[in-house]
>>> print(open('input.pdb').read())   # PDB, C-alpha atoms (C1' of nucleotides)
MODEL        1
ATOM      1  CA  MET A 601      36.087 117.562 141.916  1.00  0.00           C
ATOM      2  CA  PRO A 602      37.443 118.179 145.419  1.00  0.00           C
ATOM      3  CA  GLN A 603      35.244 120.571 147.332  1.00  0.00           C
ATOM      4  CA  PRO A 604      36.923 122.314 150.292  1.00  0.00           C
ATOM      5  CA  LEU A 605      34.858 122.155 153.462  1.00  0.00           C
ATOM      6  CA  SER A 606      33.749 125.594 154.620  1.00  0.00           C
ATOM      7  CA  LYS A 607      34.028 127.196 158.024  1.00  0.00           C
ATOM      8  CA  THR A 608      30.243 126.853 158.291  1.00  0.00           C
ATOM      9  CA  TYR A 609      30.593 123.076 157.980  1.00  0.00           C
ATOM     10  CA  PHE A 610      32.716 123.015 161.149  1.00  0.00           C
ATOM     11  CA  GLU A 611      30.292 125.233 163.068  1.00  0.00           C
ATOM     12  CA  ASN A 612      27.759 122.379 163.161  1.00  0.00           C
ATOM     13  CA  ASP A 613      26.666 121.741 166.763  1.00  0.00           C
ATOM     14  CA  ASP A 614      26.680 117.940 166.389  1.00  0.00           C
ATOM     15  CA  VAL A 615      30.330 116.985 166.913  1.00  0.00           C
ATOM     16  CA  VAL A 616      29.531 113.263 166.832  1.00  0.00           C
ATOM     17  CA  PHE A 617      27.893 113.634 163.417  1.00  0.00           C
ATOM     18  CA  LEU A 618      30.871 115.635 162.144  1.00  0.00           C
ATOM     19  CA  ALA A 619      33.415 113.132 163.428  1.00  0.00           C
ATOM     20  CA  LYS A 620      31.647 110.408 161.461  1.00  0.00           C
ATOM     21  CA  ASP A 621      31.064 112.607 158.426  1.00  0.00           C
ATOM     22  CA  LEU A 622      34.781 113.442 158.194  1.00  0.00           C
ATOM     23  CA  ILE A 623      35.657 109.798 157.543  1.00  0.00           C
ATOM     24  CA  GLY A 624      36.462 109.674 153.820  1.00  0.00           C
ATOM     25  CA  LYS A 625      37.299 113.372 153.499  1.00  0.00           C
ATOM     26  CA  GLN A 626      40.801 114.386 152.403  1.00  0.00           C
ATOM     27  CA  LEU A 627      43.053 116.332 154.770  1.00  0.00           C
ATOM     28  CA  THR A 628      45.813 118.389 153.161  1.00  0.00           C
ATOM     29  CA  THR A 629      48.671 120.477 154.498  1.00  0.00           C
ATOM     30  CA  HIS A 630      50.719 122.939 152.467  1.00  0.00           C
ATOM     31  CA  ILE A 631      53.840 123.641 154.492  1.00  0.00           C
ATOM     32  CA  ASN A 632      57.018 125.311 153.220  1.00  0.00           C
ATOM     33  CA  GLY A 633      55.709 124.900 149.673  1.00  0.00           C
ATOM     34  CA  VAL A 634      55.138 121.167 150.083  1.00  0.00           C
ATOM     35  CA  ILE A 635      51.743 119.473 149.724  1.00  0.00           C
ATOM     36  CA  THR A 636      50.874 116.315 151.648  1.00  0.00           C
ATOM     37  CA  SER A 637      47.409 114.725 151.829  1.00  0.00           C
ATOM     38  CA  GLY A 638      45.545 111.745 153.128  1.00  0.00           C
ATOM     39  CA  ILE A 639      42.011 110.413 153.372  1.00  0.00           C
ATOM     40  CA  ILE A 640      40.728 110.576 156.939  1.00  0.00           C
ATOM     41  CA  THR A 641      40.128 107.010 158.107  1.00  0.00           C
ATOM     42  CA  GLU A 642      39.731 107.417 161.880  1.00  0.00           C
ATOM     43  CA  THR A 643      38.408 110.149 164.178  1.00  0.00           C
ATOM     44  CA  GLU A 644      37.148 110.691 167.707  1.00  0.00           C
ATOM     45  CA  ALA A 645      34.562 113.204 168.924  1.00  0.00           C
ATOM     46  CA  TYR A 646      35.114 115.218 172.101  1.00  0.00           C
ATOM     47  CA  ALA A 647      31.923 116.929 173.169  1.00  0.00           C
ATOM     48  CA  GLY A 648      33.033 119.987 175.082  1.00  0.00           C
ATOM     49  CA  GLN A 649      32.224 120.913 178.643  1.00  0.00           C
ATOM     50  CA  GLY A 650      29.874 117.983 179.272  1.00  0.00           C
ATOM     51  CA  ASP A 651      32.301 115.248 178.182  1.00  0.00           C
ATOM     52  CA  LYS A 652      34.560 113.853 180.895  1.00  0.00           C
ATOM     53  CA  ALA A 653      37.157 112.844 178.322  1.00  0.00           C
ATOM     54  CA  CYS A 654      37.374 116.360 176.877  1.00  0.00           C
ATOM     55  CA  HIS A 655      40.127 118.704 178.007  1.00  0.00           C
ATOM     56  CA  ALA A 656      37.444 121.382 178.462  1.00  0.00           C
ATOM     57  CA  HIS A 657      35.338 119.216 180.776  1.00  0.00           C
ATOM     58  CA  LEU A 658      33.347 121.251 183.323  1.00  0.00           C
ATOM     59  CA  GLY A 659      34.309 124.407 181.500  1.00  0.00           C
ATOM     60  CA  ARG A 660      37.998 124.124 182.224  1.00  0.00           C
ATOM     61  CA  PHE A 661      39.406 127.222 180.584  1.00  0.00           C
ATOM     62  CA  THR A 662      43.178 127.532 180.492  1.00  0.00           C
ATOM     63  CA  LYS A 663      45.858 128.835 178.193  1.00  0.00           C
ATOM     64  CA  ARG A 664      45.888 125.421 176.539  1.00  0.00           C
ATOM     65  CA  THR A 665      42.141 124.792 176.263  1.00  0.00           C
ATOM     66  CA  LYS A 666      40.861 128.260 175.401  1.00  0.00           C
ATOM     67  CA  VAL A 667      41.199 127.588 171.656  1.00  0.00           C
ATOM     68  CA  MET A 668      38.550 124.867 171.997  1.00  0.00           C
ATOM     69  CA  TYR A 669      35.948 127.499 172.886  1.00  0.00           C
ATOM     70  CA  GLU A 670      36.478 129.386 169.644  1.00  0.00           C
ATOM     71  CA  SER A 671      34.165 129.130 166.668  1.00  0.00           C
ATOM     72  CA  GLY A 672      34.681 125.913 164.658  1.00  0.00           C
ATOM     73  CA  GLY A 673      37.107 125.499 161.781  1.00  0.00           C
ATOM     74  CA  ILE A 674      40.458 125.977 163.520  1.00  0.00           C
ATOM     75  CA  ALA A 675      43.121 123.594 164.767  1.00  0.00           C
ATOM     76  CA  TYR A 676      43.665 122.577 168.381  1.00  0.00           C
ATOM     77  CA  ILE A 677      47.107 121.030 168.666  1.00  0.00           C
ATOM     78  CA  TYR A 678      48.674 120.017 171.924  1.00  0.00           C
ATOM     79  CA  LEU A 679      51.741 118.167 173.078  1.00  0.00           C
ATOM     80  CA  CYS A 680      51.064 114.677 174.390  1.00  0.00           C
ATOM     81  CA  TYR A 681      53.585 112.717 176.483  1.00  0.00           C
ATOM     82  CA  GLY A 682      56.101 115.463 175.781  1.00  0.00           C
ATOM     83  CA  ILE A 683      56.668 114.071 172.298  1.00  0.00           C
ATOM     84  CA  HIS A 684      53.588 113.950 170.084  1.00  0.00           C
ATOM     85  CA  HIS A 685      51.657 116.840 168.603  1.00  0.00           C
ATOM     86  CA  LEU A 686      48.027 115.714 168.378  1.00  0.00           C
ATOM     87  CA  PHE A 687      45.870 117.366 165.714  1.00  0.00           C
ATOM     88  CA  ASN A 688      42.257 118.238 166.529  1.00  0.00           C
ATOM     89  CA  ILE A 689      39.659 120.252 164.653  1.00  0.00           C
ATOM     90  CA  VAL A 690      37.618 122.652 166.778  1.00  0.00           C
ATOM     91  CA  THR A 691      33.896 122.497 165.952  1.00  0.00           C
ATOM     92  CA  ASN A 692      30.575 124.085 166.977  1.00  0.00           C
ATOM     93  CA  THR A 693      29.957 127.775 167.633  1.00  0.00           C
ATOM     94  CA  LYS A 694      31.944 130.073 169.912  1.00  0.00           C
ATOM     95  CA  GLY A 695      31.557 129.136 173.568  1.00  0.00           C
ATOM     96  CA  ASN A 696      31.159 125.399 172.896  1.00  0.00           C
ATOM     97  CA  ALA A 697      34.431 123.527 173.395  1.00  0.00           C
ATOM     98  CA  ASP A 698      33.852 120.645 170.948  1.00  0.00           C
ATOM     99  CA  ALA A 699      36.712 119.103 168.995  1.00  0.00           C
ATOM    100  CA  ILE A 700      37.517 116.169 166.742  1.00  0.00           C
ATOM    101  CA  LEU A 701      40.765 114.243 167.066  1.00  0.00           C
ATOM    102  CA  VAL A 702      42.044 112.909 163.740  1.00  0.00           C
ATOM    103  CA  ARG A 703      43.644 109.565 164.543  1.00  0.00           C
ATOM    104  CA  ALA A 704      44.574 108.144 161.135  1.00  0.00           C
ATOM    105  CA  ILE A 705      44.723 108.917 157.426  1.00  0.00           C
ATOM    106  CA  GLU A 706      45.364 106.935 154.267  1.00  0.00           C
ATOM    107  CA  PRO A 707      48.170 108.718 152.374  1.00  0.00           C
ATOM    108  CA  THR A 708      47.337 110.101 148.926  1.00  0.00           C
ATOM    109  CA  LEU A 709      49.630 113.005 147.970  1.00  0.00           C
ATOM    110  CA  GLY A 710      53.277 113.672 148.823  1.00  0.00           C
ATOM    111  CA  ILE A 711      53.791 110.147 150.103  1.00  0.00           C
ATOM    112  CA  ASP A 712      57.569 110.399 149.653  1.00  0.00           C
ATOM    113  CA  ILE A 713      57.602 113.548 151.798  1.00  0.00           C
ATOM    114  CA  MET A 714      55.608 111.806 154.506  1.00  0.00           C
ATOM    115  CA  GLN A 715      58.031 108.874 154.455  1.00  0.00           C
ATOM    116  CA  GLU A 716      60.906 111.294 154.821  1.00  0.00           C
ATOM    117  CA  ARG A 717      59.274 113.095 157.750  1.00  0.00           C
ATOM    118  CA  ARG A 718      58.524 109.781 159.440  1.00  0.00           C
ATOM    119  CA  GLY A 719      61.843 108.120 158.609  1.00  0.00           C
ATOM    120  CA  LYS A 720      60.064 105.197 156.945  1.00  0.00           C
ATOM    121  CA  SER A 721      61.386 103.414 153.856  1.00  0.00           C
ATOM    122  CA  LYS A 722      58.135 101.477 153.323  1.00  0.00           C
ATOM    123  CA  VAL A 723      54.532 102.612 152.979  1.00  0.00           C
ATOM    124  CA  ASP A 724      52.502 100.675 155.519  1.00  0.00           C
ATOM    125  CA  LYS A 725      49.850 101.517 158.090  1.00  0.00           C
ATOM    126  CA  THR A 726      52.428 102.801 160.567  1.00  0.00           C
ATOM    127  CA  LEU A 727      53.225 105.697 158.214  1.00  0.00           C
ATOM    128  CA  THR A 728      50.002 107.586 158.948  1.00  0.00           C
ATOM    129  CA  SER A 729      48.073 105.694 161.649  1.00  0.00           C
ATOM    130  CA  GLY A 730      47.887 107.067 165.164  1.00  0.00           C
ATOM    131  CA  PRO A 731      47.391 110.727 166.060  1.00  0.00           C
ATOM    132  CA  GLY A 732      51.067 111.389 166.747  1.00  0.00           C
ATOM    133  CA  ASN A 733      52.075 109.831 163.471  1.00  0.00           C
ATOM    134  CA  ILE A 734      49.718 111.759 161.197  1.00  0.00           C
ATOM    135  CA  SER A 735      50.893 115.068 162.633  1.00  0.00           C
ATOM    136  CA  LYS A 736      54.481 114.126 161.948  1.00  0.00           C
ATOM    137  CA  ALA A 737      53.679 112.848 158.439  1.00  0.00           C
ATOM    138  CA  LEU A 738      51.723 115.996 157.540  1.00  0.00           C
ATOM    139  CA  GLY A 739      54.296 118.316 159.104  1.00  0.00           C
ATOM    140  CA  ILE A 740      51.836 119.597 161.708  1.00  0.00           C
ATOM    141  CA  SER A 741      53.278 120.956 164.936  1.00  0.00           C
ATOM    142  CA  LYS A 742      52.216 123.205 167.788  1.00  0.00           C
ATOM    143  CA  SER A 743      52.939 126.240 165.632  1.00  0.00           C
ATOM    144  CA  HIS A 744      49.704 125.405 163.796  1.00  0.00           C
ATOM    145  CA  ASN A 745      47.633 125.639 166.974  1.00  0.00           C
ATOM    146  CA  THR A 746      44.687 128.049 166.484  1.00  0.00           C
ATOM    147  CA  GLN A 747      45.282 128.144 162.707  1.00  0.00           C
ATOM    148  CA  SER A 748      42.347 127.847 160.336  1.00  0.00           C
ATOM    149  CA  VAL A 749      41.645 124.469 158.728  1.00  0.00           C
ATOM    150  CA  THR A 750      39.838 126.251 155.888  1.00  0.00           C
ATOM    151  CA  SER A 751      42.994 128.022 154.688  1.00  0.00           C
ATOM    152  CA  ASP A 752      45.664 127.634 152.021  1.00  0.00           C
ATOM    153  CA  ASN A 753      47.949 125.943 154.559  1.00  0.00           C
ATOM    154  CA  ILE A 754      45.568 123.367 156.012  1.00  0.00           C
ATOM    155  CA  TRP A 755      42.248 122.336 154.524  1.00  0.00           C
ATOM    156  CA  ILE A 756      39.874 119.403 154.115  1.00  0.00           C
ATOM    157  CA  ASP A 757      38.222 118.379 150.839  1.00  0.00           C
ATOM    158  CA  ASP A 758      35.061 116.457 150.134  1.00  0.00           C
ATOM    159  CA  ILE A 759      36.300 114.226 147.321  1.00  0.00           C
ATOM    160  CA  GLY A 760      32.938 112.542 146.804  1.00  0.00           C
ATOM    161  CA  TYR A 761      33.949 109.403 148.649  1.00  0.00           C
ATOM    162  CA  LYS A 762      31.735 107.899 151.338  1.00  0.00           C
ATOM    163  CA  PRO A 763      33.001 104.723 153.029  1.00  0.00           C
ATOM    164  CA  SER A 764      30.285 102.077 153.162  1.00  0.00           C
ATOM    165  CA  ASN A 765      31.458 100.457 156.400  1.00  0.00           C
ATOM    166  CA  ILE A 766      32.071 102.905 159.224  1.00  0.00           C
ATOM    167  CA  LYS A 767      32.676 101.280 162.584  1.00  0.00           C
ATOM    168  CA  GLU A 768      31.524 103.090 165.717  1.00  0.00           C
ATOM    169  CA  THR A 769      33.380 102.175 168.881  1.00  0.00           C
ATOM    170  CA  THR A 770      34.819 103.534 172.111  1.00  0.00           C
ATOM    171  CA  ARG A 771      37.560 106.130 172.285  1.00  0.00           C
ATOM    172  CA  ILE A 772      41.169 105.243 173.028  1.00  0.00           C
ATOM    173  CA  GLY A 773      43.306 106.250 175.978  1.00  0.00           C
ATOM    174  CA  ILE A 774      40.592 107.901 178.064  1.00  0.00           C
ATOM    175  CA  ASP A 775      40.058 105.307 180.783  1.00  0.00           C
ATOM    176  CA  TYR A 776      40.019 108.079 183.384  1.00  0.00           C
ATOM    177  CA  SER A 777      36.646 109.281 182.011  1.00  0.00           C
ATOM    178  CA  GLY A 778      34.333 106.962 183.919  1.00  0.00           C
ATOM    179  CA  GLU A 779      31.116 106.161 182.089  1.00  0.00           C
ATOM    180  CA  ASP A 780      31.987 108.554 179.268  1.00  0.00           C
ATOM    181  CA  ALA A 781      34.752 106.130 178.286  1.00  0.00           C
ATOM    182  CA  GLU A 782      31.925 103.852 177.095  1.00  0.00           C
ATOM    183  CA  LEU A 783      30.515 106.300 174.552  1.00  0.00           C
ATOM    184  CA  PRO A 784      30.780 105.085 170.913  1.00  0.00           C
ATOM    185  CA  TRP A 785      32.435 108.255 169.705  1.00  0.00           C
ATOM    186  CA  ARG A 786      35.353 106.801 167.780  1.00  0.00           C
ATOM    187  CA  PHE A 787      34.807 106.161 164.088  1.00  0.00           C
ATOM    188  CA  TYR A 788      36.881 104.361 161.508  1.00  0.00           C
ATOM    189  CA  ASP A 789      36.646 103.059 157.965  1.00  0.00           C
ATOM    190  CA  LYS A 790      36.397  99.284 158.347  1.00  0.00           C
ATOM    191  CA  ASP A 791      37.715  98.749 154.831  1.00  0.00           C
ATOM    192  CA  SER A 792      40.931 100.711 155.348  1.00  0.00           C
ATOM    193  CA  LYS A 793      44.095  99.213 156.753  1.00  0.00           C
ATOM    194  CA  PHE A 794      45.205 102.697 157.820  1.00  0.00           C
ATOM    195  CA  VAL A 795      43.522 102.578 161.226  1.00  0.00           C
ATOM    196  CA  SER A 796      45.366 102.748 164.530  1.00  0.00           C
ATOM    197  CA  VAL A 797      43.457 100.020 166.392  1.00  0.00           C
ATOM    198  CA  LYS A 798      40.786  97.722 164.945  1.00  0.00           C
TER     199      LYS A 798
ATOM    200  C1'  DG B 946      57.498 126.649 193.008  1.00  0.00           C
ATOM    201  C1'  DC B 947      56.901 121.879 192.346  1.00  0.00           C
ATOM    202  C1'  DG B 948      55.382 117.127 191.520  1.00  0.00           C
ATOM    203  C1'  DA B 949      52.555 114.198 188.721  1.00  0.00           C
ATOM    204  C1'  DC B 950      51.065 112.725 184.489  1.00  0.00           C
ATOM    205  C1'  DG B 951      49.110 112.342 179.690  1.00  0.00           C
ATOM    206  C1'  DA B 952      43.442 111.754 173.606  1.00  0.00           C
ATOM    207  C1'  DT B 953      51.314 108.018 172.264  1.00  0.00           C
ATOM    208  C1'  DC B 954      54.952 105.535 169.923  1.00  0.00           C
ATOM    209  C1'  DC B 955      58.829 102.598 169.427  1.00  0.00           C
ATOM    210  C1'  DG B 956      62.105  99.208 170.457  1.00  0.00           C
ATOM    211  C1'  DC B 957      63.315  95.382 173.017  1.00  0.00           C
ATOM    212  C1'  DT B 958      62.133  90.998 175.352  1.00  0.00           C
TER     213       DT B 958
ATOM    214  C1'  DG C 812      53.638  92.638 176.290  1.00  0.00           C
ATOM    215  C1'  DC C 813      56.206  96.213 178.612  1.00  0.00           C
ATOM    216  C1'  DG C 814      58.749 100.248 179.832  1.00  0.00           C
ATOM    217  C1'  DG C 815      61.161 104.496 178.629  1.00  0.00           C
ATOM    218  C1'  DA C 816      61.137 108.836 176.215  1.00  0.00           C
ATOM    219  C1'  DT C 817      60.259 113.784 177.260  1.00  0.00           C
ATOM    220  C1'  DC C 818      58.000 118.283 178.507  1.00  0.00           C
ATOM    221  C1'  DG C 819      54.033 121.443 178.789  1.00  0.00           C
ATOM    222  C1'  DT C 820      50.089 121.801 181.524  1.00  0.00           C
ATOM    223  C1'  DC C 821      47.622 121.533 185.579  1.00  0.00           C
ATOM    224  C1'  DG C 822      46.454 121.564 190.315  1.00  0.00           C
ATOM    225  C1'  DC C 823      47.905 122.312 194.735  1.00  0.00           C
ATOM    226  C1'  DG C 824      50.083 125.062 198.217  1.00  0.00           C
TER     227       DG C 824
ENDMDL
END
>>> encode(input="input.pdb", output="structure tokens")
Amino acid sequence: MPQPLSKTYFENDDVVFLAKDLIGKQLTTHINGVITSGIITETEAYAGQGDKACHAHLGRFTKRTKVMYESGGIAYIYLCYGIHHLFNIVTNTKGNADAILVRAIEPTLGIDIMQERRGKSKVDKTLTSGPGNISKALGISKSHNTQSVTSDNIWIDDIGYKPSNIKETTRIGIDYSGEDAELPWRFYDKDSKFVSVK
DNA sequence: GCGACGATCCGCT
DNA sequence: GCGGATCGTCGCG
């Protein structure tokens, strides 16, 4: 039976553990009466103020980043390249700006809706791989910023599935982060084809 | 006020 | 493999 993850789960202070633990969980949105879901296949951990790749590095506190400092279990969504709404889950306790970027899912429910939102006639990895693409497929936009991910609109279920081959590797698109770009804080299910970059 | 650019994606070559 | 799309945010002045 699907077991919704609680707010307490997201208040864990180990964002790297959580990023890995979320692989295999099911992310669902319920928007305008429509349900769409997918199994999380790829994530990245961003470890707050001490992480050069994190938007809250060195305690940067702006209108955009302030949501990251909230208590875990809410969404941090921001516009990237003026086009893509990237979906993150804020974690850790209030004052710690940790977050997890969800980079890919394997579609499970409402696949036809996701195809419609993405303008795709076929179901292949491009439907829900890549952080911009999953937001579009799930109907997530900036209006969901700061919203709870333990709610009736967005939630994550433990469906009793644990991938046996989780690859740990470096994060994508953060070359500006110096040595922190080398950290193995990106995780993906090796056995899934729904991964942005192998 | 303003210029530069990004945790990306897609289409064309 | 490469460049354009497209705009909010940020840092500087």
>>> interface_residues(input="input.pdb", of="chain A", to="chain C", cutoff="12 Å", atoms="all atoms listed in the file", output="list of chain:residue names")
A:His655, A:Arg660, A:Phe661, A:Thr662, A:Lys663, A:Arg664, A:Thr665, A:Tyr678, A:Leu679, A:Cys680, A:Tyr681, A:Gly682, A:Ile683, A:His684, A:His685, A:Lys742
>>> resolve_selection(input="input.pdb", expression="the PyMOL selection byres ((chain B) within 12 of (chain A))", output="MDAnalysis selection string")
chainID B and resid 950:955
>>> closest_residue(input="input.pdb", among="A:Pro602, A:Gly760, A:Pro707, A:Gly648", to="Thr691 of chain A", atoms="only C-alpha atoms")
A:Gly648
>>> resolve_selection(input="input.pdb", expression="the PyMOL selection byres ((chain A and resi 673) around 6)", output="list of chain:residue names")
A:Lys607, A:Phe610, A:Gly672, A:Ile674, A:Val690, A:Ser748, A:Val749
>>> atom_distance(input="input.pdb", atom1="atom CA of Ala647 of chain A", atom2="atom CA of Ala697 of chain A")
7.1 Å
>>> atom_distance(input="input.pdb", atom1="atom CA of Ser777 of chain A", atom2="atom CA of Leu658 of chain A")
12.5 Å
>>> resolve_selection(input="input.pdb", expression="the PyMOL selection byres ((chain A and resi 786) around 9)", output="PyMOL selection string")
chain A and resi 616+619-620+642-645+767-772+783-785+787-788
>>> atom_distance(input="input.pdb", atom1="atom CA of Ile677 of chain A", atom2="atom CA of Ala699 of chain A")
10.6 Å
>>> residues_around(input="input.pdb", residues="Glu779 of chain A", least_positions_apart="3", cutoff="10 Å", atoms="only C-alpha atoms (C1' of nucleotides)", output="list of chain:residue names")
A:Asp651, A:Lys652, A:Ala653, A:Asp775, A:Tyr776, A:Glu782, A:Leu783
>>> build_atoms(input="input.pdb", residues="segment 761-787 of chain A", atoms="N, CA and C atoms", output="short mmCIF file (atom, residue, chain, number, x, y, z; two decimals), in the coordinates of the input")
data_model
loop_
_atom_site.label_atom_id
_atom_site.label_comp_id
_atom_site.auth_asym_id
_atom_site.auth_seq_id
_atom_site.Cartn_x
_atom_site.Cartn_y
_atom_site.Cartn_z
N TYR A 761 33.80 110.79 148.21
CA TYR A 761 33.95 109.40 148.65
C TYR A 761 33.24 109.21 149.98
N LYS A 762 32.41 108.20 150.06
CA LYS A 762 31.74 107.90 151.34
C LYS A 762 31.95 106.42 151.65
N PRO A 763 32.76 106.12 152.66
CA PRO A 763 33.00 104.72 153.03
C PRO A 763 31.69 104.02 153.36
N SER A 764 31.55 102.78 152.93
CA SER A 764 30.28 102.08 153.16
C SER A 764 30.26 101.36 154.50
N ASN A 765 31.42 101.14 155.11
CA ASN A 765 31.46 100.46 156.40
C ASN A 765 32.20 101.29 157.44
N ILE A 766 31.45 102.10 158.18
CA ILE A 766 32.07 102.90 159.22
C ILE A 766 31.77 102.28 160.57
N LYS A 767 32.81 101.91 161.28
CA LYS A 767 32.68 101.28 162.58
C LYS A 767 32.60 102.36 163.67
N GLU A 768 31.65 102.18 164.58
CA GLU A 768 31.52 103.09 165.72
C GLU A 768 31.95 102.34 166.96
N THR A 769 32.90 102.88 167.70
CA THR A 769 33.38 102.18 168.88
C THR A 769 33.86 103.17 169.94
N THR A 770 34.43 102.65 171.01
CA THR A 770 34.82 103.53 172.11
C THR A 770 36.15 104.22 171.83
N ARG A 771 36.35 105.35 172.49
CA ARG A 771 37.56 106.13 172.28
C ARG A 771 38.75 105.50 173.01
N ILE A 772 39.94 105.88 172.54
CA ILE A 772 41.17 105.24 173.03
C ILE A 772 41.93 106.15 174.00
N GLY A 773 42.42 105.53 175.07
CA GLY A 773 43.31 106.25 175.98
C GLY A 773 42.62 107.22 176.91
N ILE A 774 41.33 106.97 177.20
CA ILE A 774 40.59 107.90 178.06
C ILE A 774 39.92 107.16 179.22
N ASP A 775 40.62 106.15 179.73
CA ASP A 775 40.06 105.31 180.78
C ASP A 775 39.70 106.08 182.05
N TYR A 776 40.28 107.25 182.21
CA TYR A 776 40.02 108.08 183.38
C TYR A 776 38.64 108.74 183.33
N SER A 777 37.88 108.52 182.24
CA SER A 777 36.65 109.28 182.01
C SER A 777 35.38 108.63 182.52
N GLY A 778 35.52 107.60 183.35
CA GLY A 778 34.33 106.96 183.92
C GLY A 778 33.40 106.44 182.85
N GLU A 779 32.10 106.70 183.03
CA GLU A 779 31.12 106.16 182.09
C GLU A 779 31.25 106.77 180.69
N ASP A 780 31.83 107.94 180.60
CA ASP A 780 31.99 108.55 179.27
C ASP A 780 33.00 107.80 178.40
N ALA A 781 33.80 106.96 179.05
CA ALA A 781 34.75 106.13 178.29
C ALA A 781 34.00 105.09 177.46
N GLU A 782 32.72 104.87 177.80
CA GLU A 782 31.92 103.85 177.10
C GLU A 782 31.23 104.39 175.85
N LEU A 783 31.24 105.70 175.68
CA LEU A 783 30.52 106.30 174.55
C LEU A 783 31.12 105.87 173.22
N PRO A 784 30.28 105.54 172.23
CA PRO A 784 30.78 105.08 170.91
C PRO A 784 31.13 106.26 170.01
N TRP A 785 32.11 107.01 170.40
CA TRP A 785 32.44 108.26 169.70
C TRP A 785 33.73 108.19 168.93
N ARG A 786 34.20 106.99 168.66
CA ARG A 786 35.35 106.80 167.78
C ARG A 786 34.83 106.14 166.50
N PHE A 787 35.28 106.66 165.38
CA PHE A 787 34.81 106.16 164.09
C PHE A 787 35.98 105.79 163.21
#
